[in-house]
file upload-v8.pdb (PDB, N, CA and C atoms, pLDDT in the B column)
ATOM      1  N   MET A   1     -20.537 -55.664  44.789  1.00 51.00           N
ATOM      2  CA  MET A   1     -21.222 -55.857  46.046  1.00 51.00           C
ATOM      3  C   MET A   1     -22.129 -54.662  46.275  1.00 51.00           C
ATOM      4  N   ALA A   2     -23.358 -54.937  46.616  1.00 54.00           N
ATOM      5  CA  ALA A   2     -24.304 -53.902  47.029  1.00 54.00           C
ATOM      6  C   ALA A   2     -24.681 -54.215  48.463  1.00 54.00           C
ATOM      7  N   ALA A   3     -24.734 -53.216  49.328  1.00 54.00           N
ATOM      8  CA  ALA A   3     -24.968 -53.501  50.740  1.00 54.00           C
ATOM      9  C   ALA A   3     -25.794 -52.411  51.402  1.00 54.00           C
ATOM     10  N   LYS A   4     -26.374 -52.775  52.539  1.00 59.00           N
ATOM     11  CA  LYS A   4     -27.139 -51.855  53.382  1.00 59.00           C
ATOM     12  C   LYS A   4     -26.857 -52.229  54.815  1.00 59.00           C
ATOM     13  N   ASN A   5     -26.735 -51.242  55.675  1.00 61.00           N
ATOM     14  CA  ASN A   5     -26.551 -51.562  57.088  1.00 61.00           C
ATOM     15  C   ASN A   5     -27.537 -50.784  57.929  1.00 61.00           C
ATOM     16  N   GLY A   6     -27.685 -51.235  59.154  1.00 62.00           N
ATOM     17  CA  GLY A   6     -28.520 -50.562  60.131  1.00 62.00           C
ATOM     18  C   GLY A   6     -28.000 -50.929  61.502  1.00 62.00           C
ATOM     19  N   SER A   7     -27.531 -49.932  62.246  1.00 62.00           N
ATOM     20  CA  SER A   7     -26.846 -50.251  63.484  1.00 62.00           C
ATOM     21  C   SER A   7     -26.993 -49.153  64.516  1.00 62.00           C
ATOM     22  N   PRO A   8     -27.457 -49.490  65.742  1.00 62.00           N
ATOM     23  CA  PRO A   8     -27.292 -48.537  66.836  1.00 62.00           C
ATOM     24  C   PRO A   8     -25.783 -48.454  67.118  1.00 62.00           C
ATOM     25  N   VAL A   9     -25.235 -47.288  67.079  1.00 62.00           N
ATOM     26  CA  VAL A   9     -23.787 -47.104  67.156  1.00 62.00           C
ATOM     27  C   VAL A   9     -23.179 -47.817  68.356  1.00 62.00           C
ATOM     28  N   GLY A  10     -22.177 -48.661  68.064  1.00 60.00           N
ATOM     29  CA  GLY A  10     -21.386 -49.304  69.097  1.00 60.00           C
ATOM     30  C   GLY A  10     -21.977 -50.533  69.745  1.00 60.00           C
ATOM     31  N   LEU A  11     -23.211 -50.901  69.458  1.00 72.00           N
ATOM     32  CA  LEU A  11     -23.809 -52.050  70.122  1.00 72.00           C
ATOM     33  C   LEU A  11     -24.139 -53.185  69.165  1.00 72.00           C
ATOM     34  N   VAL A  12     -24.800 -52.866  68.084  1.00 75.00           N
ATOM     35  CA  VAL A  12     -25.251 -53.876  67.133  1.00 75.00           C
ATOM     36  C   VAL A  12     -24.787 -53.446  65.751  1.00 75.00           C
ATOM     37  N   ARG A  13     -24.395 -54.428  64.969  1.00 75.00           N
ATOM     38  CA  ARG A  13     -24.012 -54.133  63.589  1.00 75.00           C
ATOM     39  C   ARG A  13     -24.702 -55.149  62.704  1.00 75.00           C
ATOM     40  N   ASN A  14     -25.673 -54.709  61.933  1.00 77.00           N
ATOM     41  CA  ASN A  14     -26.409 -55.574  61.025  1.00 77.00           C
ATOM     42  C   ASN A  14     -26.104 -55.150  59.599  1.00 77.00           C
ATOM     43  N   GLU A  15     -25.576 -56.062  58.830  1.00 79.00           N
ATOM     44  CA  GLU A  15     -25.188 -55.769  57.454  1.00 79.00           C
ATOM     45  C   GLU A  15     -25.852 -56.796  56.537  1.00 79.00           C
ATOM     46  N   VAL A  16     -26.314 -56.349  55.388  1.00 80.00           N
ATOM     47  CA  VAL A  16     -26.866 -57.250  54.382  1.00 80.00           C
ATOM     48  C   VAL A  16     -26.385 -56.773  53.016  1.00 80.00           C
ATOM     49  N   GLY A  17     -26.070 -57.720  52.156  1.00 81.00           N
ATOM     50  CA  GLY A  17     -25.590 -57.346  50.844  1.00 81.00           C
ATOM     51  C   GLY A  17     -25.828 -58.442  49.831  1.00 81.00           C
ATOM     52  N   VAL A  18     -25.656 -58.093  48.569  1.00 82.00           N
ATOM     53  CA  VAL A  18     -25.731 -59.059  47.477  1.00 82.00           C
ATOM     54  C   VAL A  18     -24.363 -59.066  46.812  1.00 82.00           C
ATOM     55  N   VAL A  19     -23.747 -60.222  46.770  1.00 77.00           N
ATOM     56  CA  VAL A  19     -22.439 -60.388  46.151  1.00 77.00           C
ATOM     57  C   VAL A  19     -22.662 -60.989  44.773  1.00 77.00           C
ATOM     58  N   THR A  20     -22.171 -60.324  43.736  1.00 77.00           N
ATOM     59  CA  THR A  20     -22.295 -60.811  42.368  1.00 77.00           C
ATOM     60  C   THR A  20     -20.911 -61.126  41.824  1.00 77.00           C
ATOM     61  N   HIS A  21     -20.723 -62.364  41.392  1.00 73.00           N
ATOM     62  CA  HIS A  21     -19.452 -62.782  40.802  1.00 73.00           C
ATOM     63  C   HIS A  21     -19.471 -62.498  39.304  1.00 73.00           C
ATOM     64  N   PRO A  22     -18.283 -62.362  38.693  1.00 72.00           N
ATOM     65  CA  PRO A  22     -18.220 -62.062  37.256  1.00 72.00           C
ATOM     66  C   PRO A  22     -19.014 -63.040  36.386  1.00 72.00           C
ATOM     67  N   GLY A  23     -19.146 -64.298  36.806  1.00 75.00           N
ATOM     68  CA  GLY A  23     -19.898 -65.279  36.033  1.00 75.00           C
ATOM     69  C   GLY A  23     -21.406 -65.102  36.120  1.00 75.00           C
ATOM     70  N   GLY A  24     -21.869 -64.168  36.963  1.00 79.00           N
ATOM     71  CA  GLY A  24     -23.291 -63.898  37.075  1.00 79.00           C
ATOM     72  C   GLY A  24     -23.974 -64.480  38.299  1.00 79.00           C
ATOM     73  N   CYS A  25     -23.298 -65.366  39.047  1.00 80.00           N
ATOM     74  CA  CYS A  25     -23.895 -65.927  40.266  1.00 80.00           C
ATOM     75  C   CYS A  25     -24.053 -64.831  41.308  1.00 80.00           C
ATOM     76  N   ARG A  26     -25.202 -64.841  41.991  1.00 83.00           N
ATOM     77  CA  ARG A  26     -25.461 -63.862  43.051  1.00 83.00           C
ATOM     78  C   ARG A  26     -25.739 -64.581  44.354  1.00 83.00           C
ATOM     79  N   TYR A  27     -25.222 -64.025  45.428  1.00 81.00           N
ATOM     80  CA  TYR A  27     -25.417 -64.568  46.768  1.00 81.00           C
ATOM     81  C   TYR A  27     -25.852 -63.437  47.684  1.00 81.00           C
ATOM     82  N   THR A  28     -26.830 -63.724  48.541  1.00 83.00           N
ATOM     83  CA  THR A  28     -27.211 -62.772  49.567  1.00 83.00           C
ATOM     84  C   THR A  28     -26.401 -63.094  50.807  1.00 83.00           C
ATOM     85  N   ALA A  29     -25.807 -62.081  51.396  1.00 82.00           N
ATOM     86  CA  ALA A  29     -24.984 -62.262  52.587  1.00 82.00           C
ATOM     87  C   ALA A  29     -25.512 -61.351  53.690  1.00 82.00           C
ATOM     88  N   THR A  30     -25.748 -61.925  54.862  1.00 83.00           N
ATOM     89  CA  THR A  30     -26.228 -61.164  56.008  1.00 83.00           C
ATOM     90  C   THR A  30     -25.369 -61.489  57.216  1.00 83.00           C
ATOM     91  N   VAL A  31     -24.964 -60.458  57.937  1.00 83.00           N
ATOM     92  CA  VAL A  31     -24.191 -60.641  59.160  1.00 83.00           C
ATOM     93  C   VAL A  31     -24.876 -59.846  60.258  1.00 83.00           C
ATOM     94  N   LEU A  32     -25.226 -60.521  61.338  1.00 82.00           N
ATOM     95  CA  LEU A  32     -25.822 -59.879  62.509  1.00 82.00           C
ATOM     96  C   LEU A  32     -24.836 -60.052  63.657  1.00 82.00           C
ATOM     97  N   SER A  33     -24.511 -58.977  64.347  1.00 81.00           N
ATOM     98  CA  SER A  33     -23.521 -59.073  65.417  1.00 81.00           C
ATOM     99  C   SER A  33     -23.830 -58.098  66.544  1.00 81.00           C
ATOM    100  N   ARG A  34     -23.229 -58.368  67.696  1.00 81.00           N
ATOM    101  CA  ARG A  34     -23.336 -57.501  68.869  1.00 81.00           C
ATOM    102  C   ARG A  34     -21.936 -57.279  69.423  1.00 81.00           C
ATOM    103  N   SER A  35     -21.758 -56.162  70.082  1.00 79.00           N
ATOM    104  CA  SER A  35     -20.496 -55.915  70.764  1.00 79.00           C
ATOM    105  C   SER A  35     -20.770 -55.169  72.064  1.00 79.00           C
ATOM    106  N   ARG A  36     -19.785 -55.153  72.901  1.00 79.00           N
ATOM    107  CA  ARG A  36     -19.890 -54.414  74.163  1.00 79.00           C
ATOM    108  C   ARG A  36     -19.443 -52.973  73.930  1.00 79.00           C
ATOM    109  N   PRO A  37     -19.968 -52.048  74.718  1.00 78.00           N
ATOM    110  CA  PRO A  37     -19.498 -50.662  74.607  1.00 78.00           C
ATOM    111  C   PRO A  37     -17.976 -50.618  74.768  1.00 78.00           C
ATOM    112  N   GLY A  38     -17.326 -49.855  73.912  1.00 80.00           N
ATOM    113  CA  GLY A  38     -15.880 -49.738  73.980  1.00 80.00           C
ATOM    114  C   GLY A  38     -15.127 -50.780  73.176  1.00 80.00           C
ATOM    115  N   ALA A  39     -15.852 -51.682  72.503  1.00 80.00           N
ATOM    116  CA  ALA A  39     -15.196 -52.717  71.697  1.00 80.00           C
ATOM    117  C   ALA A  39     -14.465 -52.068  70.519  1.00 80.00           C
ATOM    118  N   ASP A  40     -13.514 -52.788  69.966  1.00 83.00           N
ATOM    119  CA  ASP A  40     -12.715 -52.300  68.830  1.00 83.00           C
ATOM    120  C   ASP A  40     -13.576 -52.308  67.565  1.00 83.00           C
ATOM    121  N   ASP A  41     -14.051 -51.136  67.159  1.00 78.00           N
ATOM    122  CA  ASP A  41     -14.947 -51.033  66.008  1.00 78.00           C
ATOM    123  C   ASP A  41     -14.256 -51.430  64.706  1.00 78.00           C
ATOM    124  N   THR A  42     -12.971 -51.177  64.599  1.00 83.00           N
ATOM    125  CA  THR A  42     -12.224 -51.560  63.394  1.00 83.00           C
ATOM    126  C   THR A  42     -12.172 -53.076  63.256  1.00 83.00           C
ATOM    127  N   ALA A  43     -11.900 -53.763  64.357  1.00 84.00           N
ATOM    128  CA  ALA A  43     -11.870 -55.234  64.338  1.00 84.00           C
ATOM    129  C   ALA A  43     -13.245 -55.788  64.003  1.00 84.00           C
ATOM    130  N   MET A  44     -14.296 -55.164  64.540  1.00 79.00           N
ATOM    131  CA  MET A  44     -15.661 -55.596  64.249  1.00 79.00           C
ATOM    132  C   MET A  44     -15.945 -55.440  62.759  1.00 79.00           C
ATOM    133  N   GLY A  45     -15.537 -54.328  62.172  1.00 79.00           N
ATOM    134  CA  GLY A  45     -15.733 -54.108  60.747  1.00 79.00           C
ATOM    135  C   GLY A  45     -15.019 -55.152  59.904  1.00 79.00           C
ATOM    136  N   ARG A  46     -13.809 -55.510  60.300  1.00 83.00           N
ATOM    137  CA  ARG A  46     -13.067 -56.538  59.570  1.00 83.00           C
ATOM    138  C   ARG A  46     -13.775 -57.885  59.648  1.00 83.00           C
ATOM    139  N   ALA A  47     -14.259 -58.231  60.826  1.00 82.00           N
ATOM    140  CA  ALA A  47     -14.961 -59.515  60.996  1.00 82.00           C
ATOM    141  C   ALA A  47     -16.248 -59.546  60.185  1.00 82.00           C
ATOM    142  N   VAL A  48     -16.980 -58.430  60.186  1.00 79.00           N
ATOM    143  CA  VAL A  48     -18.230 -58.343  59.421  1.00 79.00           C
ATOM    144  C   VAL A  48     -17.946 -58.491  57.931  1.00 79.00           C
ATOM    145  N   GLY A  49     -16.831 -57.975  57.467  1.00 79.00           N
ATOM    146  CA  GLY A  49     -16.454 -58.112  56.061  1.00 79.00           C
ATOM    147  C   GLY A  49     -15.945 -59.497  55.706  1.00 79.00           C
ATOM    148  N   ALA A  50     -15.226 -60.120  56.640  1.00 83.00           N
ATOM    149  CA  ALA A  50     -14.629 -61.433  56.373  1.00 83.00           C
ATOM    150  C   ALA A  50     -15.654 -62.561  56.379  1.00 83.00           C
ATOM    151  N   ALA A  51     -16.649 -62.484  57.235  1.00 82.00           N
ATOM    152  CA  ALA A  51     -17.619 -63.581  57.374  1.00 82.00           C
ATOM    153  C   ALA A  51     -18.332 -63.919  56.059  1.00 82.00           C
ATOM    154  N   PRO A  52     -18.973 -62.953  55.385  1.00 78.00           N
ATOM    155  CA  PRO A  52     -19.649 -63.317  54.138  1.00 78.00           C
ATOM    156  C   PRO A  52     -18.671 -63.700  53.031  1.00 78.00           C
ATOM    157  N   SER A  53     -17.502 -63.090  53.034  1.00 78.00           N
ATOM    158  CA  SER A  53     -16.499 -63.438  52.028  1.00 78.00           C
ATOM    159  C   SER A  53     -16.105 -64.907  52.138  1.00 78.00           C
ATOM    160  N   ARG A  54     -15.871 -65.367  53.356  1.00 82.00           N
ATOM    161  CA  ARG A  54     -15.505 -66.775  53.568  1.00 82.00           C
ATOM    162  C   ARG A  54     -16.672 -67.707  53.248  1.00 82.00           C
ATOM    163  N   ALA A  55     -17.878 -67.300  53.610  1.00 79.00           N
ATOM    164  CA  ALA A  55     -19.044 -68.145  53.336  1.00 79.00           C
ATOM    165  C   ALA A  55     -19.275 -68.297  51.831  1.00 79.00           C
ATOM    166  N   VAL A  56     -19.180 -67.197  51.088  1.00 76.00           N
ATOM    167  CA  VAL A  56     -19.387 -67.261  49.642  1.00 76.00           C
ATOM    168  C   VAL A  56     -18.278 -68.077  48.990  1.00 76.00           C
ATOM    169  N   ALA A  57     -17.043 -67.906  49.448  1.00 80.00           N
ATOM    170  CA  ALA A  57     -15.939 -68.707  48.899  1.00 80.00           C
ATOM    171  C   ALA A  57     -16.189 -70.196  49.125  1.00 80.00           C
ATOM    172  N   ALA A  58     -16.690 -70.550  50.300  1.00 82.00           N
ATOM    173  CA  ALA A  58     -16.998 -71.947  50.603  1.00 82.00           C
ATOM    174  C   ALA A  58     -18.120 -72.475  49.704  1.00 82.00           C
ATOM    175  N   LEU A  59     -19.139 -71.657  49.474  1.00 76.00           N
ATOM    176  CA  LEU A  59     -20.244 -72.059  48.606  1.00 76.00           C
ATOM    177  C   LEU A  59     -19.747 -72.287  47.179  1.00 76.00           C
ATOM    178  N   ARG A  60     -18.832 -71.459  46.731  1.00 75.00           N
ATOM    179  CA  ARG A  60     -18.329 -71.565  45.371  1.00 75.00           C
ATOM    180  C   ARG A  60     -17.582 -72.862  45.139  1.00 75.00           C
ATOM    181  N   VAL A  61     -16.956 -73.439  46.184  1.00 81.00           N
ATOM    182  CA  VAL A  61     -16.218 -74.689  46.019  1.00 81.00           C
ATOM    183  C   VAL A  61     -16.992 -75.876  46.582  1.00 81.00           C
ATOM    184  N   GLY A  62     -18.218 -75.642  47.063  1.00 70.00           N
ATOM    185  CA  GLY A  62     -19.054 -76.730  47.549  1.00 70.00           C
ATOM    186  C   GLY A  62     -18.702 -77.247  48.922  1.00 70.00           C
ATOM    187  N   VAL A  63     -18.098 -76.407  49.765  1.00 57.00           N
ATOM    188  CA  VAL A  63     -17.719 -76.815  51.105  1.00 57.00           C
ATOM    189  C   VAL A  63     -18.803 -76.387  52.086  1.00 57.00           C
ATOM    190  N   SER A  64     -19.148 -77.274  53.027  1.00 57.00           N
ATOM    191  CA  SER A  64     -20.127 -76.940  54.040  1.00 57.00           C
ATOM    192  C   SER A  64     -19.545 -75.909  54.993  1.00 57.00           C
ATOM    193  N   THR A  65     -20.355 -74.906  55.395  1.00 54.00           N
ATOM    194  CA  THR A  65     -19.907 -73.893  56.354  1.00 54.00           C
ATOM    195  C   THR A  65     -20.314 -74.258  57.769  1.00 54.00           C
ATOM    196  N   GLU A  66     -20.929 -75.418  57.965  1.00 56.00           N
ATOM    197  CA  GLU A  66     -21.368 -75.820  59.318  1.00 56.00           C
ATOM    198  C   GLU A  66     -20.261 -76.518  60.054  1.00 56.00           C
TER
END

call {"tool": "encode", "arguments": {"input": "upload-v8.pdb", "output": "structure tokens"}}
result
Amino acid sequence: MAAKNGSPVGLVRNEVGVVTHPGGCRYTATVLSRSRPGADDTAMGRAVGAAPSRAVAALRVGVSTE
């Protein structure tokens, strides 16, 4: 996984990355999010990490994410 982020601390978290599977397939994953001041930053980080992981897993098995 290669990634880049850009975030005003505590308010917005924008993450983009390229996920490469051992078979050579590559997926671009982007997560844009907002939070309120004082929100749980650890929970936000977990959600930002889980979202693209679940989306790529769904794509790999041909399941719609809508």

call {"tool": "closest_residue", "arguments": {"input": "upload-v8.pdb", "among": "A:Val61, A:Ala50, A:Met44, A:Val56", "to": "Leu11 (chain A)", "atoms": "only C-alpha atoms"}}
result
A:Met44

call {"tool": "atom_distance", "arguments": {"input": "upload-v8.pdb", "atom1": "atom N of Arg60 (chain A)", "atom2": "CA of Asp40 (chain A)"}}
result
29.9 Å

call {"tool": "atom_distance", "arguments": {"input": "upload-v8.pdb", "atom1": "atom C of Arg54 (chain A)", "atom2": "atom N of Tyr27 (chain A)"}}
result
12.2 Å

call {"tool": "closest_residue", "arguments": {"input": "upload-v8.pdb", "among": "A:Gly49, A:Gly62, A:Arg13, A:Gly23", "to": "Arg36 (chain A)", "atoms": "only C-alpha atoms"}}
result
A:Arg13

call {"tool": "atom_distance", "arguments": {"input": "upload-v8.pdb", "atom1": "CA of Ala43 (chain A)", "atom2": "CA of Val12 (chain A)"}}
result
13.7 Å

call {"tool": "resolve_selection", "arguments": {"input": "upload-v8.pdb", "expression": "the PyMOL selection byres ((chain A and resi 30-32) around 7)", "output": "compact mmCIF listing (two decimals) with N, CA and C atoms, in the coordinates of the input"}}
result
# COMPACT_ATOMS: atom_id res chain seq x y z
N VAL A 12 -24.80 -52.87 68.08
CA VAL A 12 -25.25 -53.88 67.13
C VAL A 12 -24.79 -53.45 65.75
N ARG A 13 -24.40 -54.43 64.97
CA ARG A 13 -24.01 -54.13 63.59
C ARG A 13 -24.70 -55.15 62.70
N ASN A 14 -25.67 -54.71 61.93
CA ASN A 14 -26.41 -55.57 61.02
C ASN A 14 -26.10 -55.15 59.60
N GLU A 15 -25.58 -56.06 58.83
CA GLU A 15 -25.19 -55.77 57.45
C GLU A 15 -25.85 -56.80 56.54
N VAL A 16 -26.31 -56.35 55.39
CA VAL A 16 -26.87 -57.25 54.38
C VAL A 16 -26.38 -56.77 53.02
N GLY A 17 -26.07 -57.72 52.16
CA GLY A 17 -25.59 -57.35 50.84
C GLY A 17 -25.83 -58.44 49.83
N THR A 28 -26.83 -63.72 48.54
CA THR A 28 -27.21 -62.77 49.57
C THR A 28 -26.40 -63.09 50.81
N ALA A 29 -25.81 -62.08 51.40
CA ALA A 29 -24.98 -62.26 52.59
C ALA A 29 -25.51 -61.35 53.69
N SER A 33 -24.51 -58.98 64.35
CA SER A 33 -23.52 -59.07 65.42
C SER A 33 -23.83 -58.10 66.54
N ARG A 34 -23.23 -58.37 67.70
CA ARG A 34 -23.34 -57.50 68.87
C ARG A 34 -21.94 -57.28 69.42
N VAL A 48 -16.98 -58.43 60.19
CA VAL A 48 -18.23 -58.34 59.42
C VAL A 48 -17.95 -58.49 57.93
N PRO A 52 -18.97 -62.95 55.38
CA PRO A 52 -19.65 -63.32 54.14
C PRO A 52 -18.67 -63.70 53.03

call {"tool": "build_atoms", "arguments": {"input": "upload-v8.pdb", "residues": "region 44-55 of chain A", "atoms": "all heavy atoms", "output": "PDB file, in the frame of the given file"}}
result
ATOM      1  N   MET A  44     -14.296 -55.164  64.540  1.00 79.00           N
ATOM      2  CA  MET A  44     -15.661 -55.596  64.249  1.00 79.00           C
ATOM      3  C   MET A  44     -15.945 -55.440  62.759  1.00 79.00           C
ATOM      4  O   MET A  44     -16.503 -56.336  62.122  1.00 79.00           O
ATOM      5  CB  MET A  44     -16.657 -54.761  65.051  1.00 79.00           C
ATOM      6  CG  MET A  44     -18.092 -55.084  64.734  1.00 79.00           C
ATOM      7  SD  MET A  44     -18.641 -56.561  65.538  1.00 79.00           S
ATOM      8  CE  MET A  44     -19.708 -55.836  66.729  1.00 79.00           C
ATOM      9  N   GLY A  45     -15.537 -54.328  62.172  1.00 79.00           N
ATOM     10  CA  GLY A  45     -15.733 -54.108  60.747  1.00 79.00           C
ATOM     11  C   GLY A  45     -15.019 -55.152  59.904  1.00 79.00           C
ATOM     12  O   GLY A  45     -15.564 -55.649  58.918  1.00 79.00           O
ATOM     13  N   ARG A  46     -13.809 -55.510  60.300  1.00 83.00           N
ATOM     14  CA  ARG A  46     -13.067 -56.538  59.570  1.00 83.00           C
ATOM     15  C   ARG A  46     -13.775 -57.885  59.648  1.00 83.00           C
ATOM     16  O   ARG A  46     -13.863 -58.613  58.661  1.00 83.00           O
ATOM     17  CB  ARG A  46     -11.656 -56.668  60.126  1.00 83.00           C
ATOM     18  CG  ARG A  46     -10.766 -55.544  59.718  1.00 83.00           C
ATOM     19  CD  ARG A  46      -9.321 -55.817  60.136  1.00 83.00           C
ATOM     20  NE  ARG A  46      -8.530 -54.636  59.889  1.00 83.00           N
ATOM     21  CZ  ARG A  46      -7.862 -53.980  60.826  1.00 83.00           C
ATOM     22  NH1 ARG A  46      -7.853 -54.419  62.076  1.00 83.00           N
ATOM     23  NH2 ARG A  46      -7.170 -52.909  60.514  1.00 83.00           N
ATOM     24  N   ALA A  47     -14.259 -58.231  60.826  1.00 82.00           N
ATOM     25  CA  ALA A  47     -14.961 -59.515  60.996  1.00 82.00           C
ATOM     26  C   ALA A  47     -16.248 -59.546  60.185  1.00 82.00           C
ATOM     27  O   ALA A  47     -16.568 -60.556  59.545  1.00 82.00           O
ATOM     28  CB  ALA A  47     -15.253 -59.759  62.478  1.00 82.00           C
ATOM     29  N   VAL A  48     -16.980 -58.430  60.186  1.00 79.00           N
ATOM     30  CA  VAL A  48     -18.230 -58.343  59.421  1.00 79.00           C
ATOM     31  C   VAL A  48     -17.946 -58.491  57.931  1.00 79.00           C
ATOM     32  O   VAL A  48     -18.713 -59.086  57.187  1.00 79.00           O
ATOM     33  CB  VAL A  48     -18.971 -57.020  59.746  1.00 79.00           C
ATOM     34  CG1 VAL A  48     -20.054 -56.719  58.734  1.00 79.00           C
ATOM     35  CG2 VAL A  48     -19.559 -57.082  61.143  1.00 79.00           C
ATOM     36  N   GLY A  49     -16.831 -57.975  57.467  1.00 79.00           N
ATOM     37  CA  GLY A  49     -16.454 -58.112  56.061  1.00 79.00           C
ATOM     38  C   GLY A  49     -15.945 -59.497  55.706  1.00 79.00           C
ATOM     39  O   GLY A  49     -16.190 -60.009  54.615  1.00 79.00           O
ATOM     40  N   ALA A  50     -15.226 -60.120  56.640  1.00 83.00           N
ATOM     41  CA  ALA A  50     -14.629 -61.433  56.373  1.00 83.00           C
ATOM     42  C   ALA A  50     -15.654 -62.561  56.379  1.00 83.00           C
ATOM     43  O   ALA A  50     -15.540 -63.509  55.601  1.00 83.00           O
ATOM     44  CB  ALA A  50     -13.536 -61.727  57.394  1.00 83.00           C
ATOM     45  N   ALA A  51     -16.649 -62.484  57.235  1.00 82.00           N
ATOM     46  CA  ALA A  51     -17.619 -63.581  57.374  1.00 82.00           C
ATOM     47  C   ALA A  51     -18.332 -63.919  56.059  1.00 82.00           C
ATOM     48  O   ALA A  51     -18.315 -65.072  55.624  1.00 82.00           O
ATOM     49  CB  ALA A  51     -18.623 -63.271  58.476  1.00 82.00           C
ATOM     50  N   PRO A  52     -18.973 -62.953  55.385  1.00 78.00           N
ATOM     51  CA  PRO A  52     -19.649 -63.317  54.138  1.00 78.00           C
ATOM     52  C   PRO A  52     -18.671 -63.700  53.031  1.00 78.00           C
ATOM     53  O   PRO A  52     -18.970 -64.549  52.204  1.00 78.00           O
ATOM     54  CB  PRO A  52     -20.459 -62.083  53.760  1.00 78.00           C
ATOM     55  CG  PRO A  52     -19.929 -60.973  54.583  1.00 78.00           C
ATOM     56  CD  PRO A  52     -19.258 -61.570  55.767  1.00 78.00           C
ATOM     57  N   SER A  53     -17.502 -63.090  53.034  1.00 78.00           N
ATOM     58  CA  SER A  53     -16.499 -63.438  52.028  1.00 78.00           C
ATOM     59  C   SER A  53     -16.105 -64.907  52.138  1.00 78.00           C
ATOM     60  O   SER A  53     -16.044 -65.632  51.144  1.00 78.00           O
ATOM     61  CB  SER A  53     -15.273 -62.542  52.204  1.00 78.00           C
ATOM     62  OG  SER A  53     -14.258 -62.918  51.317  1.00 78.00           O
ATOM     63  N   ARG A  54     -15.871 -65.367  53.356  1.00 82.00           N
ATOM     64  CA  ARG A  54     -15.505 -66.775  53.568  1.00 82.00           C
ATOM     65  C   ARG A  54     -16.672 -67.707  53.248  1.00 82.00           C
ATOM     66  O   ARG A  54     -16.479 -68.776  52.670  1.00 82.00           O
ATOM     67  CB  ARG A  54     -15.032 -66.974  54.992  1.00 82.00           C
ATOM     68  CG  ARG A  54     -13.700 -66.267  55.248  1.00 82.00           C
ATOM     69  CD  ARG A  54     -13.232 -66.430  56.653  1.00 82.00           C
ATOM     70  NE  ARG A  54     -12.854 -67.831  56.858  1.00 82.00           N
ATOM     71  CZ  ARG A  54     -12.420 -68.302  58.004  1.00 82.00           C
ATOM     72  NH1 ARG A  54     -12.310 -67.506  59.045  1.00 82.00           N
ATOM     73  NH2 ARG A  54     -12.093 -69.570  58.125  1.00 82.00           N
ATOM     74  N   ALA A  55     -17.878 -67.300  53.610  1.00 79.00           N
ATOM     75  CA  ALA A  55     -19.044 -68.145  53.336  1.00 79.00           C
ATOM     76  C   ALA A  55     -19.275 -68.297  51.831  1.00 79.00           C
ATOM     77  O   ALA A  55     -19.516 -69.397  51.332  1.00 79.00           O
ATOM     78  CB  ALA A  55     -20.282 -67.555  54.004  1.00 79.00           C
TER      79      ALA A  55
END
